[in-house]
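File shown: run.json (JSON, C-alpha atoms).
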```
[["chain", "number", "residue", "atom", "x", "y", "z"],
["A", 1, "MET", "CA", 19.48, 19.16, 9.81],
["A", 2, "THR", "CA", 17.85, 16.03, 11.25],
["A", 3, "THR", "CA", 18.91, 15.09, 14.78],
["A", 4, "PRO", "CA", 19.13, 11.29, 15.13],
["A", 5, "ALA", "CA", 17.37, 9.60, 17.98],
["A", 6, "ALA", "CA", 19.53, 8.48, 20.89],
["A", 7, "PRO", "CA", 21.10, 5.09, 20.17],
["A", 8, "ALA", "CA", 19.34, 2.17, 21.80],
["A", 9, "THR", "CA", 20.96, -1.03, 23.01],
["A", 10, "PRO", "CA", 20.77, -4.04, 20.68],
["A", 11, "SER", "CA", 18.41, -5.82, 23.08],
["A", 12, "ALA", "CA", 16.10, -2.78, 23.24],
["A", 13, "ASN", "CA", 16.07, -2.47, 19.45],
["A", 14, "GLY", "CA", 15.39, -6.19, 19.09],
["A", 15, "SER", "CA", 12.53, -6.13, 21.58],
["A", 16, "ARG", "CA", 10.99, -3.15, 19.80],
["A", 17, "ARG", "CA", 11.28, -4.90, 16.45],
["A", 18, "ASP", "CA", 9.80, -8.14, 17.78],
["A", 19, "ALA", "CA", 6.81, -6.28, 19.25],
["A", 20, "ILE", "CA", 6.13, -4.60, 15.91],
["A", 21, "ALA", "CA", 6.65, -7.83, 13.95],
["A", 22, "ARG", "CA", 3.75, -9.48, 15.76],
["A", 23, "GLY", "CA", 1.38, -7.29, 13.72],
["A", 24, "VAL", "CA", 3.03, -7.98, 10.36],
["A", 25, "VAL", "CA", 3.13, -11.22, 8.34],
["A", 26, "GLY", "CA", 6.65, -11.80, 7.03],
["A", 27, "ARG", "CA", 8.60, -8.72, 5.94],
["A", 28, "ARG", "CA", 11.30, -9.24, 8.61],
["A", 29, "ARG", "CA", 14.08, -7.69, 6.49],
["A", 30, "GLU", "CA", 11.94, -4.77, 5.33],
["A", 31, "LEU", "CA", 10.76, -4.13, 8.89],
["A", 32, "ASP", "CA", 14.36, -4.03, 10.10],
["A", 33, "LEU", "CA", 15.32, -1.55, 7.39],
["A", 34, "VAL", "CA", 12.33, 0.76, 7.87],
["A", 35, "LEU", "CA", 12.64, 0.66, 11.65],
["A", 36, "ALA", "CA", 16.36, 1.44, 11.45],
["A", 37, "ALA", "CA", 15.73, 4.41, 9.15],
["A", 38, "VAL", "CA", 12.97, 6.04, 11.19],
["A", 39, "THR", "CA", 14.76, 5.36, 14.48],
["A", 40, "ALA", "CA", 17.79, 7.14, 13.02],
["A", 41, "GLY", "CA", 15.57, 10.14, 12.30],
["A", 42, "ARG", "CA", 15.44, 9.58, 8.53],
["A", 43, "ASP", "CA", 12.57, 9.85, 6.07],
["A", 44, "ILE", "CA", 11.88, 6.90, 3.82],
["A", 45, "LEU", "CA", 10.30, 6.22, 0.42],
["A", 46, "LEU", "CA", 8.79, 2.77, -0.14],
["A", 47, "GLU", "CA", 8.71, 1.94, -3.83],
["A", 48, "GLY", "CA", 6.77, -1.05, -5.10],
["A", 49, "PRO", "CA", 3.45, -2.33, -6.47],
["A", 50, "PRO", "CA", 0.16, -1.98, -4.56],
["A", 51, "GLY", "CA", -0.74, -4.53, -1.92],
["A", 52, "THR", "CA", 2.80, -5.20, -0.69],
["A", 53, "SER", "CA", 2.27, -4.21, 2.97],
["A", 54, "LYS", "CA", 3.89, -0.77, 2.70],
["A", 55, "SER", "CA", 1.35, 1.07, 4.83],
["A", 56, "THR", "CA", 0.96, -1.97, 7.11],
["A", 57, "LEU", "CA", 4.64, -1.73, 8.06],
["A", 58, "LEU", "CA", 4.37, 1.95, 8.88],
["A", 59, "ARG", "CA", 1.12, 1.60, 10.84],
["A", 60, "ALA", "CA", 2.68, -1.19, 12.89],
["A", 61, "ILE", "CA", 5.64, 1.04, 13.80],
["A", 62, "THR", "CA", 3.52, 4.05, 14.73],
["A", 63, "GLY", "CA", 1.18, 1.82, 16.71],
["A", 64, "GLN", "CA", 4.07, 0.46, 18.77],
["A", 65, "TRP", "CA", 5.65, 3.89, 19.18],
["A", 66, "GLY", "CA", 2.34, 5.49, 20.12],
["A", 67, "VAL", "CA", 2.63, 8.33, 17.59],
["A", 68, "PRO", "CA", -0.04, 9.50, 15.10],
["A", 69, "PHE", "CA", -0.17, 8.12, 11.55],
["A", 70, "VAL", "CA", -1.29, 10.93, 9.24],
["A", 71, "LEU", "CA", -2.30, 9.60, 5.82],
["A", 72, "VAL", "CA", -2.63, 11.79, 2.74],
["A", 73, "GLU", "CA", -3.32, 10.73, -0.85],
["A", 74, "GLY", "CA", -0.90, 12.06, -3.45],
["A", 75, "ASN", "CA", -2.84, 13.49, -6.39],
["A", 76, "ALA", "CA", -3.21, 16.66, -8.47],
["A", 77, "GLU", "CA", -5.45, 18.19, -5.80],
["A", 78, "LEU", "CA", -2.78, 17.97, -3.11],
["A", 79, "THR", "CA", -1.75, 21.62, -3.37],
["A", 80, "PRO", "CA", 0.70, 23.26, -0.94],
["A", 81, "ALA", "CA", -2.27, 24.91, 0.81],
["A", 82, "ARG", "CA", -4.01, 21.55, 1.30],
["A", 83, "LEU", "CA", -0.80, 20.01, 2.60],
["A", 84, "VAL", "CA", 0.20, 22.83, 4.97],
["A", 85, "GLY", "CA", -3.22, 24.17, 5.96],
["A", 86, "HIS", "CA", -5.37, 27.25, 5.50],
["A", 87, "HIS", "CA", -7.10, 30.03, 7.40],
["A", 88, "ASN", "CA", -10.81, 29.54, 8.04],
["A", 89, "PRO", "CA", -12.48, 31.87, 5.49],
["A", 90, "ALA", "CA", -15.51, 32.66, 7.66],
["A", 91, "ARG", "CA", -13.38, 33.56, 10.65],
["A", 92, "VAL", "CA", -11.01, 35.62, 8.51],
["A", 93, "LEU", "CA", -13.95, 37.75, 7.36],
["A", 94, "ARG", "CA", -14.95, 38.33, 10.98],
["A", 95, "GLU", "CA", -11.59, 38.52, 12.69],
["A", 96, "ASP", "CA", -8.92, 39.05, 10.00],
["A", 97, "TYR", "CA", -6.02, 36.61, 9.74],
["A", 98, "SER", "CA", -4.63, 35.16, 12.95],
["A", 99, "ALA", "CA", -2.92, 32.05, 14.26],
["A", 100, "GLU", "CA", -6.17, 31.10, 16.01],
["A", 101, "ASN", "CA", -8.17, 30.72, 12.80],
["A", 102, "PHE", "CA", -5.52, 28.65, 11.02],
["A", 103, "VAL", "CA", -6.68, 25.13, 10.17],
["A", 104, "PRO", "CA", -3.67, 22.77, 10.11],
["A", 105, "GLY", "CA", -3.18, 20.56, 7.06],
["A", 106, "PRO", "CA", -1.70, 17.06, 7.31],
["A", 107, "LEU", "CA", 1.91, 18.30, 7.24],
["A", 108, "VAL", "CA", 1.47, 20.74, 10.12],
["A", 109, "GLU", "CA", -0.70, 18.22, 11.99],
["A", 110, "ALA", "CA", 2.06, 15.61, 11.77],
["A", 111, "MET", "CA", 4.75, 18.11, 12.77],
["A", 112, "GLN", "CA", 2.87, 19.38, 15.81],
["A", 113, "SER", "CA", 1.86, 15.91, 17.01],
["A", 114, "GLY", "CA", 5.21, 14.26, 16.27],
["A", 115, "GLY", "CA", 3.52, 11.81, 13.92],
["A", 116, "PHE", "CA", 4.39, 10.08, 10.69],
["A", 117, "LEU", "CA", 3.15, 11.93, 7.61],
["A", 118, "TYR", "CA", 2.53, 9.19, 5.03],
["A", 119, "ILE", "CA", 1.94, 10.23, 1.42],
["A", 120, "GLU", "CA", 0.55, 7.52, -0.83],
["A", 121, "GLU", "CA", 1.39, 7.75, -4.53],
["A", 122, "LEU", "CA", 4.04, 10.43, -4.07],
["A", 123, "ASN", "CA", 4.67, 10.68, -7.81],
["A", 124, "ARG", "CA", 1.10, 11.90, -8.38],
["A", 125, "ALA", "CA", 1.60, 15.03, -6.25],
["A", 126, "PRO", "CA", 2.34, 18.39, -7.97],
["A", 127, "GLU", "CA", 5.92, 19.61, -8.05],
["A", 128, "ASP", "CA", 5.26, 22.72, -5.95],
["A", 129, "THR", "CA", 3.76, 20.50, -3.24],
["A", 130, "LEU", "CA", 6.88, 18.35, -3.22],
["A", 131, "ASN", "CA", 8.99, 21.50, -2.84],
["A", 132, "VAL", "CA", 7.10, 22.31, 0.39],
["A", 133, "LEU", "CA", 7.92, 18.83, 1.62],
["A", 134, "LEU", "CA", 11.61, 19.30, 0.87],
["A", 135, "ALA", "CA", 11.84, 22.30, 3.19],
["A", 136, "ALA", "CA", 10.05, 20.46, 5.98],
["A", 137, "MET", "CA", 12.28, 17.42, 5.55],
["A", 138, "ALA", "CA", 15.52, 19.42, 5.41],
["A", 139, "GLU", "CA", 14.93, 21.72, 8.38],
["A", 140, "ARG", "CA", 12.14, 19.95, 10.31],
["A", 141, "GLU", "CA", 10.25, 23.23, 10.25],
["A", 142, "VAL", "CA", 7.94, 25.21, 8.00],
["A", 143, "THR", "CA", 6.95, 28.88, 7.98],
["A", 144, "VAL", "CA", 3.22, 29.56, 7.67],
["A", 145, "PRO", "CA", 2.21, 33.12, 6.67],
["A", 146, "ARG", "CA", 0.46, 34.98, 9.52],
["A", 147, "VAL", "CA", 1.12, 32.05, 11.85],
["A", 148, "GLY", "CA", 4.88, 31.87, 12.10],
["A", 149, "LEU", "CA", 7.47, 29.13, 12.32],
["A", 150, "ILE", "CA", 6.23, 25.61, 13.08],
["A", 151, "THR", "CA", 8.83, 23.10, 14.22],
["A", 152, "GLY", "CA", 8.29, 19.35, 14.11],
["A", 153, "LEU", "CA", 8.55, 17.27, 17.27],
["A", 154, "PRO", "CA", 11.44, 14.77, 17.45],
["A", 155, "THR", "CA", 9.32, 11.81, 16.26],
["A", 156, "PHE", "CA", 8.06, 13.65, 13.16],
["A", 157, "ARG", "CA", 8.88, 11.77, 9.94],
["A", 158, "VAL", "CA", 7.91, 12.19, 6.29],
["A", 159, "LEU", "CA", 7.22, 8.83, 4.64],
["A", 160, "ALA", "CA", 5.90, 8.06, 1.20],
["A", 161, "SER", "CA", 5.13, 5.28, -1.24],
["A", 162, "MET", "CA", 4.88, 5.07, -4.99],
["A", 163, "ASN", "CA", 4.13, 2.45, -7.61],
["A", 164, "PRO", "CA", 6.88, 2.52, -10.26],
["A", 165, "PHE", "CA", 4.83, 0.41, -12.67],
["A", 166, "ASP", "CA", 1.92, 2.85, -13.01],
["A", 167, "ASP", "CA", 2.64, 5.80, -15.28],
["A", 168, "ILE", "CA", -0.91, 7.13, -15.72],
["A", 169, "GLY", "CA", -1.30, 10.50, -14.03],
["A", 170, "THR", "CA", 2.18, 10.38, -12.54],
["A", 171, "ALA", "CA", 5.16, 12.71, -12.83],
["A", 172, "ARG", "CA", 8.86, 12.01, -12.81],
["A", 173, "ILE", "CA", 10.39, 12.47, -9.38],
["A", 174, "SER", "CA", 13.31, 14.91, -9.61],
["A", 175, "ASP", "CA", 16.78, 14.10, -8.33],
["A", 176, "SER", "CA", 16.48, 16.81, -5.67],
["A", 177, "VAL", "CA", 13.41, 15.05, -4.25],
["A", 178, "TYR", "CA", 15.00, 11.60, -4.37],
["A", 179, "ASP", "CA", 18.06, 13.00, -2.61],
["A", 180, "ARG", "CA", 16.01, 13.66, 0.53],
["A", 181, "TRP", "CA", 14.79, 10.09, 1.02],
["A", 182, "CYS", "CA", 16.11, 6.74, 2.04],
["A", 183, "ARG", "CA", 14.56, 4.45, -0.58],
["A", 184, "LEU", "CA", 13.43, 0.87, -0.07],
["A", 185, "ALA", "CA", 12.22, -1.27, -2.98],
["A", 186, "VAL", "CA", 9.37, -3.51, -1.80],
["A", 187, "GLY", "CA", 8.30, -6.46, -3.92],
["A", 188, "TYR", "CA", 5.68, -9.17, -3.57],
["A", 189, "GLN", "CA", 6.08, -11.59, -0.68],
["A", 190, "ASP", "CA", 6.70, -15.29, -1.24],
["A", 191, "GLU", "CA", 3.87, -17.78, -1.59],
["A", 192, "ALA", "CA", 4.01, -19.01, 2.00],
["A", 193, "ASP", "CA", 3.73, -15.46, 3.38],
["A", 194, "GLU", "CA", 0.85, -14.65, 1.05],
["A", 195, "ARG", "CA", -1.01, -17.77, 2.19],
["A", 196, "ALA", "CA", -0.49, -16.66, 5.79],
["A", 197, "ILE", "CA", -1.79, -13.17, 4.98],
["A", 198, "VAL", "CA", -4.93, -14.58, 3.33],
["A", 199, "ALA", "CA", -5.58, -16.87, 6.29],
["A", 200, "VAL", "CA", -5.25, -14.00, 8.77],
["A", 201, "ARG", "CA", -7.33, -11.54, 6.75],
["A", 202, "THR", "CA", -10.17, -13.94, 5.90],
["A", 203, "GLY", "CA", -10.24, -16.24, 8.93],
["A", 204, "CYS", "CA", -10.53, -19.14, 6.50],
["A", 205, "ASP", "CA", -9.14, -22.48, 7.70],
["A", 206, "ASP", "CA", -9.45, -24.26, 4.35],
["A", 207, "ASP", "CA", -5.75, -24.57, 3.41],
["A", 208, "ARG", "CA", -6.58, -26.00, -0.01],
["A", 209, "LEU", "CA", -8.83, -23.06, -0.92],
["A", 210, "ILE", "CA", -6.23, -20.58, 0.32],
["A", 211, "ALA", "CA", -3.56, -22.33, -1.76],
["A", 212, "ASP", "CA", -5.79, -22.18, -4.86],
["A", 213, "GLY", "CA", -6.56, -18.49, -4.35],
["A", 214, "VAL", "CA", -2.94, -17.52, -3.83],
["A", 215, "ALA", "CA", -1.74, -19.62, -6.78],
["A", 216, "LEU", "CA", -4.24, -18.06, -9.20],
["A", 217, "THR", "CA", -3.43, -14.56, -7.98],
["A", 218, "ARG", "CA", 0.31, -15.04, -8.24],
["A", 219, "ALA", "CA", -0.09, -16.47, -11.76],
["A", 220, "THR", "CA", -1.56, -13.16, -12.96],
["A", 221, "ARG", "CA", 1.79, -11.46, -12.29],
["A", 222, "ALA", "CA", 3.60, -13.58, -14.88],
["A", 223, "HIS", "CA", 0.93, -13.94, -17.57],
["A", 224, "PRO", "CA", 2.21, -12.72, -20.96],
["A", 225, "ASP", "CA", -1.07, -10.95, -21.82],
["A", 226, "LEU", "CA", -1.05, -8.82, -18.67],
["A", 227, "ARG", "CA", 0.96, -5.70, -17.96],
["A", 228, "ARG", "CA", -0.15, -5.72, -14.32],
["A", 229, "GLY", "CA", -1.10, -8.63, -12.12],
["A", 230, "SER", "CA", -3.04, -8.67, -8.88],
["A", 231, "SER", "CA", -1.66, -8.11, -5.41],
["A", 232, "VAL", "CA", -2.45, -10.38, -2.47],
["A", 233, "ARG", "CA", -5.62, -8.32, -1.96],
["A", 234, "GLY", "CA", -7.03, -10.23, -4.92],
["A", 235, "ALA", "CA", -6.36, -13.55, -3.19],
["A", 236, "ILE", "CA", -7.93, -12.25, 0.03],
["A", 237, "ASP", "CA", -11.14, -11.29, -1.79],
["A", 238, "LEU", "CA", -11.12, -14.46, -3.89],
["A", 239, "VAL", "CA", -11.01, -16.71, -0.82],
["A", 240, "ALA", "CA", -13.59, -14.66, 1.11],
["A", 241, "ILE", "CA", -15.99, -14.73, -1.85],
["A", 242, "ALA", "CA", -15.42, -18.44, -2.50],
["A", 243, "VAL", "CA", -16.34, -19.26, 1.11],
["A", 244, "GLU", "CA", -19.63, -17.40, 0.75],
["A", 245, "LEU", "CA", -20.39, -18.87, -2.68],
["A", 246, "ALA", "CA", -19.90, -22.40, -1.37],
["A", 247, "ALA", "CA", -22.38, -21.70, 1.42],
["A", 248, "LEU", "CA", -25.13, -20.58, -0.97],
["A", 249, "GLY", "CA", -25.86, -24.08, -2.22],
["A", 250, "SER", "CA", -25.75, -23.25, -5.92],
["A", 251, "TYR", "CA", -22.53, -25.20, -6.55],
["A", 252, "GLY", "CA", -23.59, -28.58, -5.24],
["A", 253, "THR", "CA", -24.27, -30.06, -1.83],
["A", 254, "ALA", "CA", -22.08, -29.55, 1.22],
["A", 255, "ASP", "CA", -20.57, -33.00, 0.58],
["A", 256, "ALA", "CA", -20.06, -32.53, -3.18],
["A", 257, "ILE", "CA", -19.31, -28.89, -3.98],
["A", 258, "ASP", "CA", -17.88, -28.13, -7.41],
["A", 259, "ARG", "CA", -14.79, -26.51, -5.94],
["A", 260, "PRO", "CA", -13.14, -25.56, -9.26],
["A", 261, "ARG", "CA", -16.29, -23.75, -10.42],
["A", 262, "VAL", "CA", -16.58, -21.92, -7.09],
["A", 263, "VAL", "CA", -12.97, -20.79, -7.38],
["A", 264, "LEU", "CA", -13.46, -19.69, -11.00],
["A", 265, "ASP", "CA", -16.46, -17.51, -10.25],
["A", 266, "ALA", "CA", -14.75, -16.05, -7.19],
["A", 267, "ALA", "CA", -11.60, -15.36, -9.25],
["A", 268, "LEU", "CA", -13.55, -13.64, -12.02],
["A", 269, "LEU", "CA", -15.18, -11.37, -9.45],
["A", 270, "ALA", "CA", -12.10, -10.72, -7.30],
["A", 271, "LEU", "CA", -9.36, -10.42, -9.91],
["A", 272, "SER", "CA", -10.83, -8.94, -13.09],
["A", 273, "ALA", "CA", -10.57, -5.32, -11.90],
["A", 274, "ARG", "CA", -7.13, -5.85, -10.38],
["A", 275, "ILE", "CA", -5.37, -6.95, -13.56],
["A", 276, "ALA", "CA", -4.53, -4.90, -16.63],
["A", 277, "VAL", "CA", -4.45, -6.50, -20.07],
["A", 278, "ASP", "CA", -1.59, -5.40, -22.29],
["A", 279, "GLU", "CA", -2.64, -3.04, -25.07],
["A", 280, "ALA", "CA", -1.24, -5.41, -27.69],
["A", 281, "SER", "CA", -3.39, -8.32, -26.50],
["A", 282, "GLU", "CA", -6.91, -9.06, -27.74],
["A", 283, "ALA", "CA", -7.77, -11.09, -24.65],
["A", 284, "THR", "CA", -10.28, -9.91, -22.08],
["A", 285, "PRO", "CA", -9.61, -10.05, -18.34],
["A", 286, "GLU", "CA", -12.18, -12.85, -18.05],
["A", 287, "GLN", "CA", -10.42, -14.91, -20.72],
["A", 288, "VAL", "CA", -7.05, -14.50, -19.04],
["A", 289, "ILE", "CA", -8.41, -15.45, -15.62],
["A", 290, "THR", "CA", -10.22, -18.49, -17.05],
["A", 291, "GLU", "CA", -7.02, -19.62, -18.78],
["A", 292, "ILE", "CA", -5.05, -19.31, -15.54],
["A", 293, "TRP", "CA", -7.80, -21.22, -13.71],
["A", 294, "GLU", "CA", -7.80, -24.02, -16.30],
["A", 295, "ASN", "CA", -4.02, -24.32, -16.15],
["A", 296, "HIS", "CA", -4.14, -24.53, -12.37],
["A", 297, "PHE", "CA", -6.88, -27.13, -12.05],
["A", 298, "PHE", "CA", -6.78, -29.16, -15.25],
["A", 299, "SER", "CA", -3.30, -29.04, -16.81],
["A", 300, "ARG", "CA", -1.52, -31.27, -14.34],
["A", 301, "PRO", "CA", -0.33, -34.67, -15.63],
["A", 302, "GLY", "CA", -3.12, -37.23, -15.67],
["A", 303, "VAL", "CA", -5.90, -34.66, -15.24],
["A", 304, "GLN", "CA", -8.45, -34.33, -18.02],
["A", 305, "ARG", "CA", -8.83, -30.76, -19.28],
["A", 306, "ARG", "CA", -12.10, -29.06, -18.36],
["A", 307, "VAL", "CA", -14.78, -28.57, -21.00],
["A", 308, "PRO", "CA", -14.65, -24.81, -21.78],
["A", 309, "ILE", "CA", -17.35, -22.76, -20.05],
["A", 310, "ALA", "CA", -19.43, -20.51, -22.27]]
```

Is it possible to give me this structure as structure tokens?
Amino acid sequence: MTTPAAPATPSANGSRRDAIARGVVGRRRELDLVLAAVTAGRDILLEGPPGTSKSTLLRAITGQWGVPFVLVEGNAELTPARLVGHHNPARVLREDYSAENFVPGPLVEAMQSGGFLYIEELNRAPEDTLNVLLAAMAEREVTVPRVGLITGLPTFRVLASMNPFDDIGTARISDSVYDRWCRLAVGYQDEADERAIVAVRTGCDDDRLIADGVALTRATRAHPDLRRGSSVRGAIDLVAIAVELAALGSYGTADAIDRPRVVLDAALLALSARIAVDEASEATPEQVITEIWENHFFSRPGVQRRVPIA
């Protein structure tokens, strides 16, 4: 069974949390919950849409703790052998099997280094691979044929994320797998936090442009023709592209730039691959984005609606 870490004083826990929080925009509650779980020696599953700072939280914790962050992508190719490791075929032919020619996979690497094993898209991994994880999570050890028993260091954790809204290429997570995790639902951050994220990630100091980019991106999440909207990554790219477009000189002079047109072209480029049109809709991604753009810039009281762009 998992042995919890020694309890820390409230002031020590608070100082640790504050140090980690300096590398994360917002997410104070989620950071408290994740930090409490991993400090208590528990494994945690973060469930939510892409672009909601799940891996950022975990990287911030491992960075402050000084332990490795071992990332692995959950997919059909993540077999038990890829997760645990394998014997070097060339050396096996020369030397036969031995512990010396074993090549550690991400699970063994994380166990031996006391790191965080982070599995993205857990629900895309095969069931037999998840069963290997269950043993490692339950006992903090795994037996490797011809190598022996490998025991995880005290800071070893198994962490994972999954997107509950994406059912393409995913499998249902069984109750026995869920029973091993502490689960945290992570949603989109509020508008103020997303503006702060865009400012930090782009270095842009144009508050109005950042506000436009975040507003358009957030509007995709509630549009009736879309089954999936864009994460804040769309706003980050939109603002970064808009800054470069404005500097090209094709949208007017420096003193009279056609800001709405710059934002539209940047939005079409940054958001069209990040949204998914509902199967029942006949709209294209470009039409949806243009509609959102028009509503944002030209549907306010007293503002004349823009002439449609061909």

(message) My list of candidates is A:Val232, A:His296, A:Arg29, A:Gly187. Which is closest to Ala199 (chain A) when distances are computed with only C-alpha atoms?
(response)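 Of A:Val232, A:His296, A:Arg29, A:Gly187, the one nearest Ala199 (chain A) is A:Val232, counting only C-alpha atoms.
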
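Of the residues under consideration (A:Asp128, A:Thr39, A:Arg59, A:Pro49), A:Asp128 shows the shortest atom-to-atom contact distance to Ala81 (chain A) when counting all atoms listed in the file.
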
(request) Tell me which protein, DNA and RNA residues are within 8 Å of Ser98 (chain A), counting all atoms listed in the file, leaving out same-chain ones fewer than 4 positions away, and put them as a list of chain:residue names. (result)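 Contacts, in chain order: A:His87, A:Val92, A:Phe102, A:Arg146, A:Val147.
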
Generate the output file for the selected residues, C-alpha atoms, as an mmCIF file, keeping the file's coordinate frame.
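Output (again-v9.cif):
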```cif
data_model
loop_
_atom_site.group_PDB
_atom_site.id
_atom_site.type_symbol
_atom_site.label_atom_id
_atom_site.label_comp_id
_atom_site.auth_asym_id
_atom_site.auth_seq_id
_atom_site.Cartn_x
_atom_site.Cartn_y
_atom_site.Cartn_z
ATOM 1 C CA HIS A 87 -7.100 30.030 7.400
ATOM 2 C CA VAL A 92 -11.010 35.620 8.510
ATOM 3 C CA PHE A 102 -5.520 28.650 11.020
ATOM 4 C CA ARG A 146 0.460 34.980 9.520
ATOM 5 C CA VAL A 147 1.120 32.050 11.850
#
```

(message) Ranking A:Ile236, A:Asp193, A:Glu121, A:Arg157 by minimum distance to Ile210 (chain A) and counting only C-alpha atoms, which one comes first?
(response)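 With only C-alpha atoms as the atom set, the closest residue is A:Ile236.
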
(request) Give me, please, the distance in Å between CA of Ala283 (chain A) and CA of Pro164 (chain A), quoted to one decimal. (result)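 Calculated distance between CA of Ala283 (chain A) and CA of Pro164 (chain A) is 24.6 Å.
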
(request) Find the residue from A:Ile275, A:Ala185, A:Asn101, A:Gly229 that sits nearest to Leu33 (chain A); use all atoms listed in the file when measuring. (result)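 Of A:Ile275, A:Ala185, A:Asn101, A:Gly229, the one nearest Leu33 (chain A) is A:Ala185, counting all atoms listed in the file.
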
(request) Give me, please, the distance in Å between CA of Thr62 (chain A) and CA of Leu45 (chain A), quoted to one decimal. (result) 16.0 Å

(request) For Asp205 (chain A), please output as number ranges by chain all residues within 12 Å (counting all atoms listed in the file; exclusion window: fewer than 6 positions along the same chain). (result) A: 195-196, 198-199, 211, 239-240, 243

(request) Go through A:Arg227, A:Arg201, A:Arg221, A:Arg140 one by one, measure the shortest atom-to-atom distance of each to Ala280 (chain A) using all atoms listed in the file, and give the residue with the smallest value. (result)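 Residue with the minimum atom-to-atom distance to Ala280 (chain A): A:Arg227.
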
(message) Which residues are near Val24 (chain A)? Cut-off 9 Å, only C-alpha atoms, ignore same chain within fewer than 5 positions. Put them as a VMD selection string.
(response) chain A and resid 31 53 56 to 57 60 197

(request) Could you pull out every residue with an atom within 12 Å of (-19.5, -11.3, -8.1), file coordinates, counting only C-alpha atoms, and send them as JSON, numbers by chain? (result) {"A": [237, 238, 240, 241, 242, 244, 245, 262, 263, 264, 265, 266, 267, 268, 269, 270, 271, 272, 273]}

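Pairwise distance (CA of Ala110 (chain A), CA of Glu47 (chain A)) equals 21.8 Å.
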
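Between Ile292 (chain A) and the residues A:Ser15, A:Thr217, A:Thr202, A:Thr151, the shortest atom-to-atom distance, using all atoms listed in the file, involves A:Thr217.
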
(request) Find the spatial neighbours of Asp225 (chain A), counting all atoms listed in the file, within a cut-off of 7 Å - ignore same-chain residues fewer than 2 positions away - and output them as a VMD selection string. (result) chain A and resid 223 227 277 to 278 281
